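Report on the structure given below.
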Amino acid sequence: GLEKTGPKLTRYEVMGIAAEHLIQARLIAKGCVISQPSITTGYDLMCDWDGVINRLQCRSTMSIQKGEGNRRSYYRLKTGGRIGNYTVLVAYIIPKDVLYFIPWDIVKQSHTINITTKGKCKYDKYKENYEILKTTH
């Protein structure tokens with residue numbers, strides 16, 4: 001695990017903050033109103049798209065996991081466990097520069113999700129699917 005202090009943790013924190021800002025910028029460019037909670041909550045951003053409100057949990061990764069044997073390579077992201085206080089997980093795959101908008105109901109039984117690098121992935125329908133945010137989840 002990570003130490004509570006030090007350059008490695010700082011690098012991860014900075015990467016996460018940068019990813020959140022990128023997500024905010026892309027959502028604002030689409031016409032969303034974005035707010036950040038002023039206290040610690042179980043979500044990172046509040047998204048208002050024409051009156052439809054969703055709480056977003058932002059996750060990002062740049063590390064690729066190699067599958068064993070015939071298994072494909074994938075990106076792994078934490079979901080926040082089974083007690084998420086958000087409605088949509090926004091997964092940002094940094095090397096691919098792609099966002100996934102995955103409703104909480106899809107990930108609530110998982111502590112992590114794997115997004116494969118090649119071929120079909122069960123999360124493909126959420127890839128760059130901003131329309132997810134036009135419905136309350």
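Following the order of the structure tokens, first chain is A, next is B, and so on, with residues numbered from 1 inside each chain and ligands from 1 in the order they appear.
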
Quiz prompt | Within 7 Å of Asp44 in chain A using only C-alpha atoms, minus same-chain residues under 2 positions, as an MDAnalysis selection string | solution = chainID A and resid 36 56:58

Selection above as a file: all heavy atoms, as a PDB file, in the first residue's frame:
```
ATOM      1  N   GLN A  36     -18.540  21.663  -6.499  1.00  0.00           N
ATOM      2  CA  GLN A  36     -17.741  20.809  -5.629  1.00  0.00           C
ATOM      3  C   GLN A  36     -18.287  20.933  -4.218  1.00  0.00           C
ATOM      4  O   GLN A  36     -18.616  22.047  -3.778  1.00  0.00           O
ATOM      5  CB  GLN A  36     -16.277  21.227  -5.629  1.00  0.00           C
ATOM      6  CG  GLN A  36     -15.573  20.963  -6.934  1.00  0.00           C
ATOM      7  CD  GLN A  36     -14.118  21.389  -6.858  1.00  0.00           C
ATOM      8  OE1 GLN A  36     -13.785  22.414  -6.272  1.00  0.00           O
ATOM      9  NE2 GLN A  36     -13.259  20.604  -7.467  1.00  0.00           N
ATOM     10  N   LEU A  56     -21.155  12.739  -8.673  1.00  0.00           N
ATOM     11  CA  LEU A  56     -20.121  12.031  -9.415  1.00  0.00           C
ATOM     12  C   LEU A  56     -18.935  11.662  -8.535  1.00  0.00           C
ATOM     13  O   LEU A  56     -18.459  12.493  -7.757  1.00  0.00           O
ATOM     14  CB  LEU A  56     -19.611  12.886 -10.582  1.00  0.00           C
ATOM     15  CG  LEU A  56     -20.653  13.499 -11.507  1.00  0.00           C
ATOM     16  CD1 LEU A  56     -19.975  14.314 -12.595  1.00  0.00           C
ATOM     17  CD2 LEU A  56     -21.551  12.433 -12.101  1.00  0.00           C
ATOM     18  N   GLN A  57     -18.487  10.446  -8.676  1.00  0.00           N
ATOM     19  CA  GLN A  57     -17.233  10.005  -8.061  1.00  0.00           C
ATOM     20  C   GLN A  57     -16.231   9.871  -9.202  1.00  0.00           C
ATOM     21  O   GLN A  57     -16.474   9.141 -10.157  1.00  0.00           O
ATOM     22  CB  GLN A  57     -17.413   8.657  -7.357  1.00  0.00           C
ATOM     23  CG  GLN A  57     -16.152   8.106  -6.734  1.00  0.00           C
ATOM     24  CD  GLN A  57     -15.651   8.991  -5.602  1.00  0.00           C
ATOM     25  OE1 GLN A  57     -16.399   9.483  -4.791  1.00  0.00           O
ATOM     26  NE2 GLN A  57     -14.353   9.190  -5.555  1.00  0.00           N
ATOM     27  N   CYS A  58     -15.139  10.607  -9.130  1.00  0.00           N
ATOM     28  CA  CYS A  58     -14.137  10.600 -10.193  1.00  0.00           C
ATOM     29  C   CYS A  58     -12.995   9.660  -9.824  1.00  0.00           C
ATOM     30  O   CYS A  58     -12.445   9.757  -8.722  1.00  0.00           O
ATOM     31  CB  CYS A  58     -13.591  12.003 -10.413  1.00  0.00           C
ATOM     32  SG  CYS A  58     -14.854  13.220 -10.821  1.00  0.00           S
TER      33      CYS A  58
END
```

So that each row is one residue of range 17-59 of chain A with an atom at most 8 Å from range 80-100 of chain A, can you give its shortest atom pair and the distance in Å to one decimal, using only C-alpha atoms, rows by chain and rising number, as a Markdown table?
```
| residue | atom | partner | partner_atom | distance |
| --- | --- | --- | --- | --- |
| A:Ala19 | CA | A:Tyr92 | CA | 7.1 |
| A:Thr41 | CA | A:Asn85 | CA | 7.6 |
| A:Gly42 | CA | A:Asn85 | CA | 4.7 |
| A:Tyr43 | CA | A:Tyr86 | CA | 5.3 |
| A:Asn54 | CA | A:Thr87 | CA | 5.7 |
| A:Arg55 | CA | A:Tyr86 | CA | 4.8 |
| A:Leu56 | CA | A:Val88 | CA | 5.0 |
| A:Gln57 | CA | A:Leu89 | CA | 4.9 |
| A:Cys58 | CA | A:Val90 | CA | 4.8 |
| A:Arg59 | CA | A:Ala91 | CA | 4.9 |
```

Exercise. For Lys122 in chain A, please output as an NGL selection string all residues within 12 Å (counting only C-alpha atoms; exclusion window: fewer than 5 positions along the same chain).
Key: :A and (100 or 102 or 106-107 or 113-117 or 127)

Exercise. Using DSSP on the backbone coordinates, identify the residues of range 8-135 of chain A assigned to strand (DSSP E); present them as number ranges by chain.
Key: A: 33-35, 45-49, 52-61, 64-65, 74-78, 88-93, 98-103, 112-116

Quiz item: Using only C-alpha atoms, which residues sit within 8 Å of range 49-53 of chain A once same-chain residues fewer than 5 positions away are excluded, as a PyMOL selection string?
Solution: chain A and resi 31-33+133-136

Self-check item: Nearby residues (only C-alpha atoms) at most 9 Å from Ser35 in chain A, same-chain spacing under 5 positions excluded, as a PyMOL selection string
Solution: chain A and resi 24+44-48

Self-check item: Atom pair CA of Tyr130 in chain A / CA of His21 in chain A: separation (Å)
Solution: 16.5 Å

Quiz item: Rounded to one decimal in Å, what is the spacing between CA of Thr61 in chain A and CA of Tyr12 in chain A?
Solution: 9.4 Å

Quiz prompt | Which of chain A fall in alpha helix (DSSP H), as a PyMOL selection string | solution = chain A and resi 7-30+104-107

Write the residues of the preceding selection, restricted to N, CA, C and O atoms, as an mmCIF file, in the first residue's frame.
```cif
data_model
loop_
_atom_site.group_PDB
_atom_site.id
_atom_site.type_symbol
_atom_site.label_atom_id
_atom_site.label_comp_id
_atom_site.auth_asym_id
_atom_site.auth_seq_id
_atom_site.Cartn_x
_atom_site.Cartn_y
_atom_site.Cartn_z
ATOM 1 N N PRO A 7 6.571 11.441 -1.640
ATOM 2 C CA PRO A 7 6.417 11.844 -3.037
ATOM 3 C C PRO A 7 5.462 10.961 -3.837
ATOM 4 O O PRO A 7 4.759 11.439 -4.713
ATOM 5 N N LYS A 8 5.421 9.658 -3.549
ATOM 6 C CA LYS A 8 4.537 8.769 -4.308
ATOM 7 C C LYS A 8 3.072 9.116 -4.061
ATOM 8 O O LYS A 8 2.289 9.238 -4.994
ATOM 9 N N LEU A 9 2.702 9.303 -2.815
ATOM 10 C CA LEU A 9 1.327 9.671 -2.492
ATOM 11 C C LEU A 9 0.992 11.035 -3.080
ATOM 12 O O LEU A 9 -0.077 11.230 -3.653
ATOM 13 N N THR A 10 1.915 11.978 -2.976
ATOM 14 C CA THR A 10 1.698 13.313 -3.530
ATOM 15 C C THR A 10 1.451 13.230 -5.029
ATOM 16 O O THR A 10 0.554 13.880 -5.564
ATOM 17 N N ARG A 11 2.214 12.406 -5.732
ATOM 18 C CA ARG A 11 2.055 12.246 -7.171
ATOM 19 C C ARG A 11 0.655 11.716 -7.502
ATOM 20 O O ARG A 11 0.006 12.187 -8.409
ATOM 21 N N TYR A 12 0.170 10.731 -6.730
ATOM 22 C CA TYR A 12 -1.174 10.200 -6.949
ATOM 23 C C TYR A 12 -2.243 11.251 -6.662
ATOM 24 O O TYR A 12 -3.230 11.350 -7.379
ATOM 25 N N GLU A 13 -2.062 12.026 -5.601
ATOM 26 C CA GLU A 13 -3.026 13.073 -5.269
ATOM 27 C C GLU A 13 -3.092 14.121 -6.371
ATOM 28 O O GLU A 13 -4.175 14.537 -6.772
ATOM 29 N N VAL A 14 -1.943 14.555 -6.862
ATOM 30 C CA VAL A 14 -1.891 15.562 -7.918
ATOM 31 C C VAL A 14 -2.550 15.026 -9.183
ATOM 32 O O VAL A 14 -3.318 15.728 -9.849
ATOM 33 N N MET A 15 -2.287 13.767 -9.527
ATOM 34 C CA MET A 15 -2.887 13.148 -10.700
ATOM 35 C C MET A 15 -4.413 13.121 -10.561
ATOM 36 O O MET A 15 -5.146 13.440 -11.498
ATOM 37 N N GLY A 16 -4.904 12.773 -9.378
ATOM 38 C CA GLY A 16 -6.345 12.726 -9.144
ATOM 39 C C GLY A 16 -6.994 14.092 -9.245
ATOM 40 O O GLY A 16 -8.073 14.246 -9.828
ATOM 41 N N ILE A 17 -6.349 15.098 -8.693
ATOM 42 C CA ILE A 17 -6.874 16.469 -8.761
ATOM 43 C C ILE A 17 -6.902 16.949 -10.205
ATOM 44 O O ILE A 17 -7.885 17.535 -10.668
ATOM 45 N N ALA A 18 -5.841 16.676 -10.949
ATOM 46 C CA ALA A 18 -5.794 17.071 -12.360
ATOM 47 C C ALA A 18 -6.901 16.376 -13.151
ATOM 48 O O ALA A 18 -7.550 17.001 -14.002
ATOM 49 N N ALA A 19 -7.135 15.093 -12.870
ATOM 50 C CA ALA A 19 -8.199 14.350 -13.566
ATOM 51 C C ALA A 19 -9.567 14.959 -13.249
ATOM 52 O O ALA A 19 -10.410 15.100 -14.150
ATOM 53 N N GLU A 20 -9.804 15.319 -11.996
ATOM 54 C CA GLU A 20 -11.079 15.953 -11.633
ATOM 55 C C GLU A 20 -11.282 17.259 -12.395
ATOM 56 O O GLU A 20 -12.381 17.542 -12.872
ATOM 57 N N HIS A 21 -10.234 18.051 -12.504
ATOM 58 C CA HIS A 21 -10.343 19.318 -13.238
ATOM 59 C C HIS A 21 -10.626 19.078 -14.722
ATOM 60 O O HIS A 21 -11.426 19.797 -15.325
ATOM 61 N N LEU A 22 -9.994 18.076 -15.291
ATOM 62 C CA LEU A 22 -10.242 17.743 -16.688
ATOM 63 C C LEU A 22 -11.697 17.312 -16.884
ATOM 64 O O LEU A 22 -12.372 17.751 -17.817
ATOM 65 N N ILE A 23 -12.195 16.470 -15.983
ATOM 66 C CA ILE A 23 -13.586 16.018 -16.049
ATOM 67 C C ILE A 23 -14.527 17.221 -15.938
ATOM 68 O O ILE A 23 -15.482 17.354 -16.709
ATOM 69 N N GLN A 24 -14.253 18.110 -14.989
ATOM 70 C CA GLN A 24 -15.078 19.317 -14.838
ATOM 71 C C GLN A 24 -15.092 20.131 -16.122
ATOM 72 O O GLN A 24 -16.161 20.558 -16.580
ATOM 73 N N ALA A 25 -13.919 20.338 -16.713
ATOM 74 C CA ALA A 25 -13.828 21.147 -17.929
ATOM 75 C C ALA A 25 -14.636 20.533 -19.063
ATOM 76 O O ALA A 25 -15.357 21.235 -19.785
ATOM 77 N N ARG A 26 -14.548 19.219 -19.221
ATOM 78 C CA ARG A 26 -15.292 18.565 -20.297
ATOM 79 C C ARG A 26 -16.801 18.638 -20.062
ATOM 80 O O ARG A 26 -17.568 18.810 -21.002
ATOM 81 N N LEU A 27 -17.226 18.521 -18.816
ATOM 82 C CA LEU A 27 -18.654 18.601 -18.512
ATOM 83 C C LEU A 27 -19.179 20.024 -18.707
ATOM 84 O O LEU A 27 -20.271 20.219 -19.231
ATOM 85 N N ILE A 28 -18.408 21.002 -18.293
ATOM 86 C CA ILE A 28 -18.808 22.404 -18.489
ATOM 87 C C ILE A 28 -18.918 22.706 -19.984
ATOM 88 O O ILE A 28 -19.864 23.362 -20.428
ATOM 89 N N ALA A 29 -17.975 22.183 -20.784
ATOM 90 C CA ALA A 29 -18.019 22.392 -22.233
ATOM 91 C C ALA A 29 -19.271 21.772 -22.854
ATOM 92 O O ALA A 29 -19.762 22.254 -23.882
ATOM 93 N N LYS A 30 -19.828 20.735 -22.233
ATOM 94 C CA LYS A 30 -21.054 20.095 -22.713
ATOM 95 C C LYS A 30 -22.313 20.838 -22.261
ATOM 96 O O LYS A 30 -23.407 20.519 -22.690
ATOM 97 N N TRP A 104 -24.037 4.060 -10.661
ATOM 98 C CA TRP A 104 -23.727 3.376 -9.403
ATOM 99 C C TRP A 104 -24.319 1.967 -9.376
ATOM 100 O O TRP A 104 -23.682 1.023 -8.924
ATOM 101 N N ASP A 105 -25.531 1.806 -9.858
ATOM 102 C CA ASP A 105 -26.174 0.494 -9.829
ATOM 103 C C ASP A 105 -25.355 -0.574 -10.552
ATOM 104 O O ASP A 105 -25.452 -1.752 -10.229
ATOM 105 N N ILE A 106 -24.561 -0.180 -11.513
ATOM 106 C CA ILE A 106 -23.747 -1.129 -12.277
ATOM 107 C C ILE A 106 -22.508 -1.558 -11.485
ATOM 108 O O ILE A 106 -22.056 -2.692 -11.607
ATOM 109 N N VAL A 107 -21.962 -0.669 -10.675
ATOM 110 C CA VAL A 107 -20.694 -0.962 -9.978
ATOM 111 C C VAL A 107 -20.857 -1.211 -8.479
ATOM 112 O O VAL A 107 -19.881 -1.529 -7.800
#
```
